[in-house]
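One file, upload-v8.cif, carrying mmCIF, C-alpha atoms:
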data_coords
#
loop_
_atom_site.label_atom_id
_atom_site.label_comp_id
_atom_site.auth_asym_id
_atom_site.auth_seq_id
_atom_site.Cartn_x
_atom_site.Cartn_y
_atom_site.Cartn_z
CA MET A 1 0.00 0.00 0.00
CA ILE A 2 1.23 3.51 -0.81
CA VAL A 3 0.49 6.01 1.93
CA ARG A 4 -0.82 8.98 -0.04
CA SER A 5 -1.64 11.41 2.75
CA ILE A 6 -1.11 12.08 6.39
CA ASN A 7 -4.22 13.82 7.64
CA CYS A 8 -3.96 17.28 9.20
CA CYS A 9 -0.43 18.12 8.14
CA THR A 10 0.92 17.10 4.79
CA ASP A 11 0.80 14.76 1.87
CA VAL A 12 3.34 11.99 2.02
CA PRO A 13 5.12 11.86 -1.35
CA ARG A 14 4.36 8.99 -3.63
CA GLY A 15 6.90 6.26 -3.34
CA ILE A 16 6.87 5.99 0.47
CA GLN A 17 5.50 2.48 0.72
CA LEU A 18 4.54 0.48 3.77
CA PRO A 19 2.95 -2.96 3.86
CA CYS A 20 -0.78 -2.91 4.45
CA ARG A 21 -0.40 -4.53 7.87
CA HIS A 22 2.63 -2.55 8.96
CA PRO A 23 2.23 -2.07 12.74
CA ALA A 24 3.09 1.60 12.46
CA LEU A 25 -0.02 2.24 10.36
CA ARG A 26 -2.19 0.58 12.97
CA ALA A 27 -0.48 2.20 15.92
CA ILE A 28 -0.35 5.72 14.50
CA ARG A 29 -4.14 5.74 14.81
CA THR A 30 -3.77 5.65 18.57
CA ILE A 31 -1.89 8.94 18.78
CA THR A 32 -4.41 11.17 17.04
CA PRO A 33 -7.56 12.45 18.75
CA GLU A 34 -9.57 11.66 15.64
CA HIS A 35 -8.25 8.06 15.54
CA ARG A 36 -7.24 8.49 11.92
CA VAL A 37 -3.95 7.79 10.24
CA GLY A 38 -2.11 11.03 10.65
CA LEU A 39 -0.04 13.51 12.55
CA HIS A 40 -1.68 15.99 14.85
CA THR A 41 -0.19 18.79 16.87
CA THR A 42 -2.36 18.13 19.91
CA TRP A 43 -1.81 15.08 22.09
CA PRO A 44 -4.98 13.31 23.26
CA GLN A 45 -6.54 15.16 26.15
CA GLN A 46 -5.82 12.37 28.59
CA HIS A 47 -2.07 12.76 27.89
CA GLU A 48 -1.49 9.06 27.62
CA ASN A 49 0.42 6.62 25.45
CA ARG A 50 -1.49 3.53 24.48
CA ALA A 51 -0.20 -0.01 24.16
CA ASP A 52 0.91 0.23 20.51
CA THR A 53 1.98 3.87 20.45
CA ALA A 54 5.64 2.84 20.35
CA ASP A 55 5.09 1.08 17.02
CA GLY A 56 3.39 4.15 15.58
CA LEU A 57 6.33 6.33 16.54
CA ALA A 58 8.49 4.46 14.04
CA LEU A 59 6.44 6.01 11.25
CA VAL A 60 6.62 9.45 12.84
CA ALA A 61 10.40 9.18 13.06
CA ALA A 62 10.59 8.03 9.44
CA LEU A 63 8.69 11.13 8.34
CA ALA A 64 10.93 13.34 10.48
CA VAL A 65 14.07 12.25 8.60
CA ASP A 66 12.60 12.16 5.09
CA ASP A 67 13.73 15.12 2.99
CA ARG A 68 10.68 14.71 0.78
CA ILE A 69 8.53 15.83 3.71
CA PRO A 70 8.25 19.65 3.99
CA ALA A 71 10.22 21.23 6.82
CA ARG A 72 7.12 22.40 8.64
CA GLN A 73 5.84 18.85 8.85
CA ARG A 74 9.22 17.49 9.91
CA PHE A 75 9.02 20.01 12.76
CA GLU A 76 5.57 18.66 13.64
CA ALA A 77 6.84 15.09 13.60
CA ILE A 78 9.72 15.91 15.94
CA SER A 79 7.34 17.79 18.22
CA LEU A 80 5.13 14.71 18.38
CA LEU A 81 8.13 12.58 19.29
CA PHE A 82 8.93 15.06 22.06
CA LYS A 83 5.38 14.73 23.38
CA ALA A 84 5.48 10.94 23.29
CA GLY A 85 8.84 10.78 25.00
CA THR A 86 7.88 13.15 27.82
CA VAL A 87 4.19 12.43 28.34
CA ALA A 88 4.62 10.77 31.75
CA GLU A 89 6.76 13.57 33.16
CA ARG A 90 4.64 16.37 31.75
CA HIS A 91 1.49 14.73 33.10
CA LEU A 92 3.10 14.42 36.53
CA ALA A 93 3.90 18.14 36.38
CA GLU A 94 0.25 18.91 35.65
CA THR A 95 -1.26 16.68 38.32
CA GLY A 96 1.47 16.43 40.95
CA PRO A 97 2.53 16.09 43.58
CA ALA A 98 -0.15 13.38 43.62
CA THR A 99 0.59 10.37 41.40
CA PRO A 100 -1.29 10.68 38.08
CA ARG A 101 -4.26 8.37 37.93
CA GLN A 102 -4.37 8.18 34.16
CA GLY A 103 -1.80 6.73 31.86
CA ASP A 104 -0.17 3.38 31.30
CA PRO A 105 3.37 3.31 32.77
CA ASP A 106 4.46 0.33 30.68
CA SER A 107 3.24 1.90 27.43
CA GLU A 108 4.78 5.23 28.37
CA ALA A 109 8.12 3.57 29.05
CA ARG A 110 8.02 1.74 25.71
CA ALA A 111 7.15 4.94 23.89
CA ARG A 112 9.95 6.82 25.62
CA SER A 113 12.41 4.07 24.71
CA ALA A 114 11.18 4.09 21.11
CA VAL A 115 11.74 7.83 20.83
CA GLN A 116 15.18 7.57 22.42
CA ASP A 117 16.20 4.93 19.87
CA HIS A 118 15.55 7.41 17.05
CA VAL A 119 17.25 10.45 18.62
CA PRO A 120 20.79 9.76 17.27
CA ASP A 121 19.53 9.57 13.67
CA LEU A 122 17.46 12.71 14.16
CA LEU A 123 20.29 14.73 15.67
CA ALA A 124 22.65 13.60 12.90
CA ARG A 125 20.52 15.67 10.54
CA TRP A 126 21.29 18.95 12.34
CA PRO A 127 23.74 20.30 9.72
CA SER A 128 21.26 19.81 6.87
CA GLU A 129 18.13 21.01 8.67
CA CYS A 130 16.62 24.49 8.53
CA PRO A 131 16.77 26.64 11.70
CA ALA A 132 13.17 25.93 12.72
CA VAL A 133 13.61 22.15 12.68
CA ARG A 134 16.87 22.56 14.60
CA LEU A 135 14.89 24.17 17.42
CA ALA A 136 12.71 21.08 17.70
CA LEU A 137 15.79 18.84 17.59
CA ALA A 138 17.32 20.85 20.43
CA GLY A 139 14.32 19.98 22.59
CA LEU A 140 14.84 16.26 21.99
CA ALA A 141 18.55 16.59 22.70
CA VAL A 142 17.97 17.80 26.26
CA VAL A 143 15.25 15.22 26.91
CA PHE A 144 17.71 12.43 26.07
CA PRO A 145 21.09 13.99 26.93
CA THR A 146 24.50 12.52 26.35
CA ASP A 147 27.84 14.23 26.96
CA ARG A 148 28.49 14.32 23.22
CA THR A 149 25.16 15.79 22.18
CA LEU A 150 25.14 18.40 24.95
CA ALA A 151 28.65 19.53 24.08
CA ALA A 152 27.61 19.98 20.45
CA LEU A 153 24.31 21.63 21.34
CA ARG A 154 25.70 24.60 23.24
CA PRO A 155 27.61 26.25 20.38
CA ARG A 156 24.86 25.36 17.91
CA LEU A 157 22.27 27.30 19.91
CA ARG A 158 24.43 30.41 20.20
CA THR A 159 23.18 31.52 16.77
CA PHE A 160 19.59 31.57 18.00
CA VAL A 161 20.57 33.38 21.20
CA ASP A 162 22.47 36.01 19.22
CA ARG A 163 19.63 36.61 16.76
CA HIS A 164 16.63 36.38 19.09
CA PRO A 165 16.68 38.53 22.24
CA GLN A 166 15.40 37.46 25.62
CA GLY A 167 11.67 38.02 25.87
CA THR A 168 10.91 36.58 22.43
CA ASP A 169 9.49 33.09 22.05
CA ILE A 170 12.48 31.72 20.15
CA GLY A 171 14.99 33.58 22.29
CA ASP A 172 13.50 32.33 25.55
CA TYR A 173 13.20 28.79 24.20
CA ALA A 174 16.84 28.67 23.05
CA ARG A 175 18.07 30.09 26.35
CA PHE A 176 15.99 27.63 28.35
CA VAL A 177 17.35 24.70 26.32
CA LEU A 178 20.85 25.93 27.15
CA VAL A 179 19.92 26.00 30.84
CA LEU A 180 18.71 22.40 30.60
CA ALA A 181 21.85 21.42 28.71
CA ALA A 182 24.00 22.67 31.61
CA GLN A 183 22.29 20.08 33.85
CA ASP A 184 22.40 22.26 36.96
CA ASP A 185 19.23 21.33 38.86
CA ASP A 186 19.26 24.44 41.04
CA ARG A 187 19.62 26.70 38.02
CA ILE A 188 16.96 24.77 36.10
CA LEU A 189 14.52 25.12 38.97
CA THR A 190 15.19 28.85 39.36
CA VAL A 191 14.70 29.58 35.66
CA THR A 192 11.65 27.30 35.41
CA GLU A 193 9.91 29.13 38.25
CA LYS A 194 10.92 32.54 36.93
CA LEU A 195 9.54 31.82 33.45
CA THR A 196 6.33 30.16 34.60
CA GLU A 197 5.53 32.95 37.01
CA ALA A 198 5.94 35.52 34.27
CA TYR A 199 4.56 33.92 31.11
CA TRP A 200 3.59 30.26 31.26
CA THR A 201 1.24 27.79 32.93
CA GLY A 202 2.84 26.93 36.23
CA THR A 203 3.24 23.63 38.03
CA ALA A 204 3.20 22.66 41.69
CA ARG A 205 6.39 23.23 43.65
CA GLY A 206 6.11 19.72 45.12
CA VAL A 207 6.80 18.19 41.69
CA PRO A 208 10.42 17.24 40.88
CA THR A 209 12.40 19.70 38.82
CA ARG A 210 12.74 17.66 35.61
CA PRO A 211 8.98 17.12 35.04
CA ARG A 212 8.33 20.81 35.71
CA ALA A 213 11.06 21.82 33.28
CA LEU A 214 9.84 19.47 30.53
CA HIS A 215 6.28 20.69 31.02
CA LEU A 216 7.53 24.23 30.44
CA LEU A 217 9.70 23.18 27.49
CA GLY A 218 6.68 21.55 25.85
CA GLN A 219 4.68 24.76 26.18
CA MET A 220 7.54 26.77 24.73
CA LEU A 221 8.00 24.40 21.79
CA THR A 222 4.32 24.78 20.96
CA ARG A 223 4.66 28.57 21.09
CA VAL A 224 7.74 28.51 18.87
CA ARG A 225 5.63 26.77 16.24
CA SER A 226 3.26 29.75 16.06
CA ASP A 227 5.84 32.52 16.59
CA PRO A 228 5.05 35.24 14.02
CA THR A 229 8.76 35.88 13.47
CA ARG A 230 9.51 32.24 12.77
CA PRO A 231 8.74 32.04 9.00
CA ARG A 232 12.25 33.39 8.39
CA ALA A 233 13.53 30.13 9.87
CA TRP A 234 11.81 28.04 7.21
CA PRO A 235 13.51 27.26 3.88
#
Whole structure, structure tokens version:
Amino acid sequence: MIVRSINCCTDVPRGIQLPCRHPALRAIRTITPEHRVGLHTTWPQQHENRADTADGLALVAALAVDDRIPARQRFEAISLLFKAGTVAERHLAETGPATPRQGDPDSEARARSAVQDHVPDLLARWPSECPAVRLALAGLAVVFPTDRTLAALRPRLRTFVDRHPQGTDIGDYARFVLVLAAQDDDRILTVTEKLTEAYWTGTARGVPTRPRALHLLGQMLTRVRSDPTRPRAWP
């Protein structure tokens, strides 16, 4: 079967072929509110990964690294991977300090592992990607940090910091990613609270720092997508 369209975002170019019973085509249905084959910028309201979400993420990752897919939709695919890989922590930030009642820990762990498996291939595309997609990649890099990726990330984000002042969506996002890349929990907590108090939906102080920071990062990534100054970052 040739996948001719991905609802809501873009047409998949002819020639991308998947077998009719490919598990990714079945599983991708579980990560859209409409339960259709497609990408969607909004995670289901219950913020949960279902049993076969991890299989569906293989298709999302394939779209994210396919140059035939427009840059805007590659950004959307990477954003969806970010959501899948951080859903448990972001949900904890929203509902904590009580343990979230919804969700499936096993499915969430499998989805997180599936996303992590694709991160090296995604980050390897940094030199060839447009600035906007690089911003989404930076978010994944700090969710799944390694010494090598963090060392490379810091100088790569300096361009965004130099071009976008503090107080702009892109400027604040790039600076916050750099804070996360430094891996200083006290600094991360201070900046997270400062930003949420001023601009963003806050989270309970009883929640650990990392879930609160990823909850904020997810909000900022969504805002970057709609930043009116961002079209200059697209090819």
Checklist entry - So how far away is CA of Phe176 in chain A from CA of Asp121 in chain A, in Å? => result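 Spanning CA of Asp121 in chain A to CA of Phe176 in chain A is a straight-line distance of 23.5 Å.
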Item to check | Straight-line distance linking CA of Tyr173 in chain A with CA of Ala198 in chain A, stated in Å to one decimal | outcome: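 So the two atoms, CA of Tyr173 in chain A and CA of Ala198 in chain A, lie 14.1 Å apart.
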Item to check | Residue neighbourhood Thr159 in chain A, 10 Å, all atoms listed in the file, exclusion window fewer than 5 positions, as number ranges by chain | outcome: A: 131, 154, 164, 174
Selection from above, C-alpha atoms, as a JSON list (two decimals), in the coordinates of the input, can you write it?
[["chain", "number", "residue", "atom", "x", "y", "z"],
["A", 131, "PRO", "CA", 16.77, 26.64, 11.70],
["A", 154, "ARG", "CA", 25.70, 24.60, 23.24],
["A", 164, "HIS", "CA", 16.63, 36.38, 19.09],
["A", 174, "ALA", "CA", 16.84, 28.67, 23.05]]
Item to check | Nearest to Ala114 in chain A by atom-to-atom distance, counting all atoms listed in the file, from A:Leu153, A:Ala93, A:Leu57, A:Ala141 | outcome: A:Leu57
Item to check | Test item: the PyMOL selection byres ((chain A and resi 117) around 12) resolved as a list in words | outcome: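 The output of the PyMOL selection byres ((chain A and resi 117) around 12) on this file is Ala54, Leu57, Ala58, Ala61, Leu81, Gly85, Arg110, Ala111, Arg112, Ser113, Ala114, Val115, Gln116, His118, Val119, Pro120, Asp121, Leu122, Leu123, Leu140 and Phe144 of chain A.
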Next on the checklist: Which polymer residues, whether protein, DNA or RNA, lie within 10 Å of the coordinate (15.1, 27.1, 34.7) when you count only C-alpha atoms? List them as a PyMOL selection string, using the chain letters and numbers from the file.
Outcome noted: chain A and resi 175-180+184-196+209-210+212-213+216-217
Item to check | Atom-to-atom span, CA of Pro105 in chain A and CA of Phe75 in chain A, Å | outcome: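 Between CA of Pro105 in chain A and CA of Phe75 in chain A the gap works out to 26.7 Å.
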Selection result of the PyMOL selection byres ((chain A and resi 90) around 9) on this file, as a PDB file with C-alpha atoms, in the coordinates of the input:
ATOM      1  CA  HIS A  47      -2.070  12.760  27.890  1.00  0.00           C
ATOM      2  CA  LYS A  83       5.380  14.730  23.380  1.00  0.00           C
ATOM      3  CA  THR A  86       7.880  13.150  27.820  1.00  0.00           C
ATOM      4  CA  VAL A  87       4.190  12.430  28.340  1.00  0.00           C
ATOM      5  CA  ALA A  88       4.620  10.770  31.750  1.00  0.00           C
ATOM      6  CA  GLU A  89       6.760  13.570  33.160  1.00  0.00           C
ATOM      7  CA  HIS A  91       1.490  14.730  33.100  1.00  0.00           C
ATOM      8  CA  LEU A  92       3.100  14.420  36.530  1.00  0.00           C
ATOM      9  CA  ALA A  93       3.900  18.140  36.380  1.00  0.00           C
ATOM     10  CA  GLU A  94       0.250  18.910  35.650  1.00  0.00           C
ATOM     11  CA  THR A  95      -1.260  16.680  38.320  1.00  0.00           C
ATOM     12  CA  PRO A 211       8.980  17.120  35.040  1.00  0.00           C
ATOM     13  CA  ARG A 212       8.330  20.810  35.710  1.00  0.00           C
ATOM     14  CA  ALA A 213      11.060  21.820  33.280  1.00  0.00           C
ATOM     15  CA  LEU A 214       9.840  19.470  30.530  1.00  0.00           C
ATOM     16  CA  HIS A 215       6.280  20.690  31.020  1.00  0.00           C
ATOM     17  CA  LEU A 216       7.530  24.230  30.440  1.00  0.00           C
ATOM     18  CA  GLY A 218       6.680  21.550  25.850  1.00  0.00           C
TER      19      GLY A 218
END
Item to check | Ground truth for the PyMOL selection byres ((chain A and resi 77) around 7), written as a list in words | outcome: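 Against this file, the PyMOL selection byres ((chain A and resi 77) around 7) returns the residues Val60, Ala61, Leu63, Ala64, Gln73, Arg74, Phe75, Glu76, Ile78, Ser79, Leu80 and Leu81 of chain A.
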Range 150-169 of chain A: axis-aligned bounding box, 5 Å on each side, centre and edge lengths in Å, one decimal, as lines of an AutoDock Vina configuration file:
center_x = 19.1
center_y = 28.5
center_z = 21.3
size_x = 29.2
size_y = 30.1
size_z = 19.1
Would you fill out range 119-135 of chain A with N, CA and C atoms and return it as a compact mmCIF listing (two decimals), in the coordinates of the input?
# COMPACT_ATOMS: atom_id res chain seq x y z
N VAL A 119 16.62 9.15 18.41
CA VAL A 119 17.25 10.45 18.62
C VAL A 119 18.60 10.57 17.92
N PRO A 120 19.50 9.59 17.97
CA PRO A 120 20.79 9.76 17.27
C PRO A 120 20.64 10.05 15.79
N ASP A 121 19.74 9.33 15.10
CA ASP A 121 19.53 9.57 13.67
C ASP A 121 18.94 10.96 13.43
N LEU A 122 18.06 11.39 14.31
CA LEU A 122 17.46 12.71 14.16
C LEU A 122 18.50 13.81 14.35
N LEU A 123 19.30 13.69 15.39
CA LEU A 123 20.29 14.73 15.67
C LEU A 123 21.39 14.76 14.61
N ALA A 124 21.64 13.63 13.96
CA ALA A 124 22.65 13.60 12.90
C ALA A 124 22.27 14.48 11.72
N ARG A 125 20.99 14.84 11.63
CA ARG A 125 20.52 15.67 10.54
C ARG A 125 20.70 17.16 10.81
N TRP A 126 21.19 17.53 11.98
CA TRP A 126 21.29 18.95 12.34
C TRP A 126 21.94 19.79 11.25
N PRO A 127 23.09 19.42 10.70
CA PRO A 127 23.74 20.30 9.72
C PRO A 127 22.90 20.58 8.48
N SER A 128 22.04 19.65 8.10
CA SER A 128 21.26 19.81 6.87
C SER A 128 19.88 20.38 7.11
N GLU A 129 19.47 20.54 8.38
CA GLU A 129 18.13 21.01 8.67
C GLU A 129 18.06 22.54 8.69
N CYS A 130 16.85 23.05 8.46
CA CYS A 130 16.62 24.49 8.53
C CYS A 130 16.58 24.90 10.01
N PRO A 131 16.73 26.19 10.29
CA PRO A 131 16.77 26.64 11.70
C PRO A 131 15.56 26.23 12.53
N ALA A 132 14.36 26.27 11.95
CA ALA A 132 13.17 25.93 12.72
C ALA A 132 13.19 24.48 13.19
N VAL A 133 13.56 23.57 12.30
CA VAL A 133 13.61 22.15 12.68
C VAL A 133 14.71 21.93 13.70
N ARG A 134 15.79 22.69 13.61
CA ARG A 134 16.87 22.56 14.60
C ARG A 134 16.37 22.90 16.00
N LEU A 135 15.44 23.84 16.10
CA LEU A 135 14.89 24.17 17.42
C LEU A 135 14.17 22.98 18.02
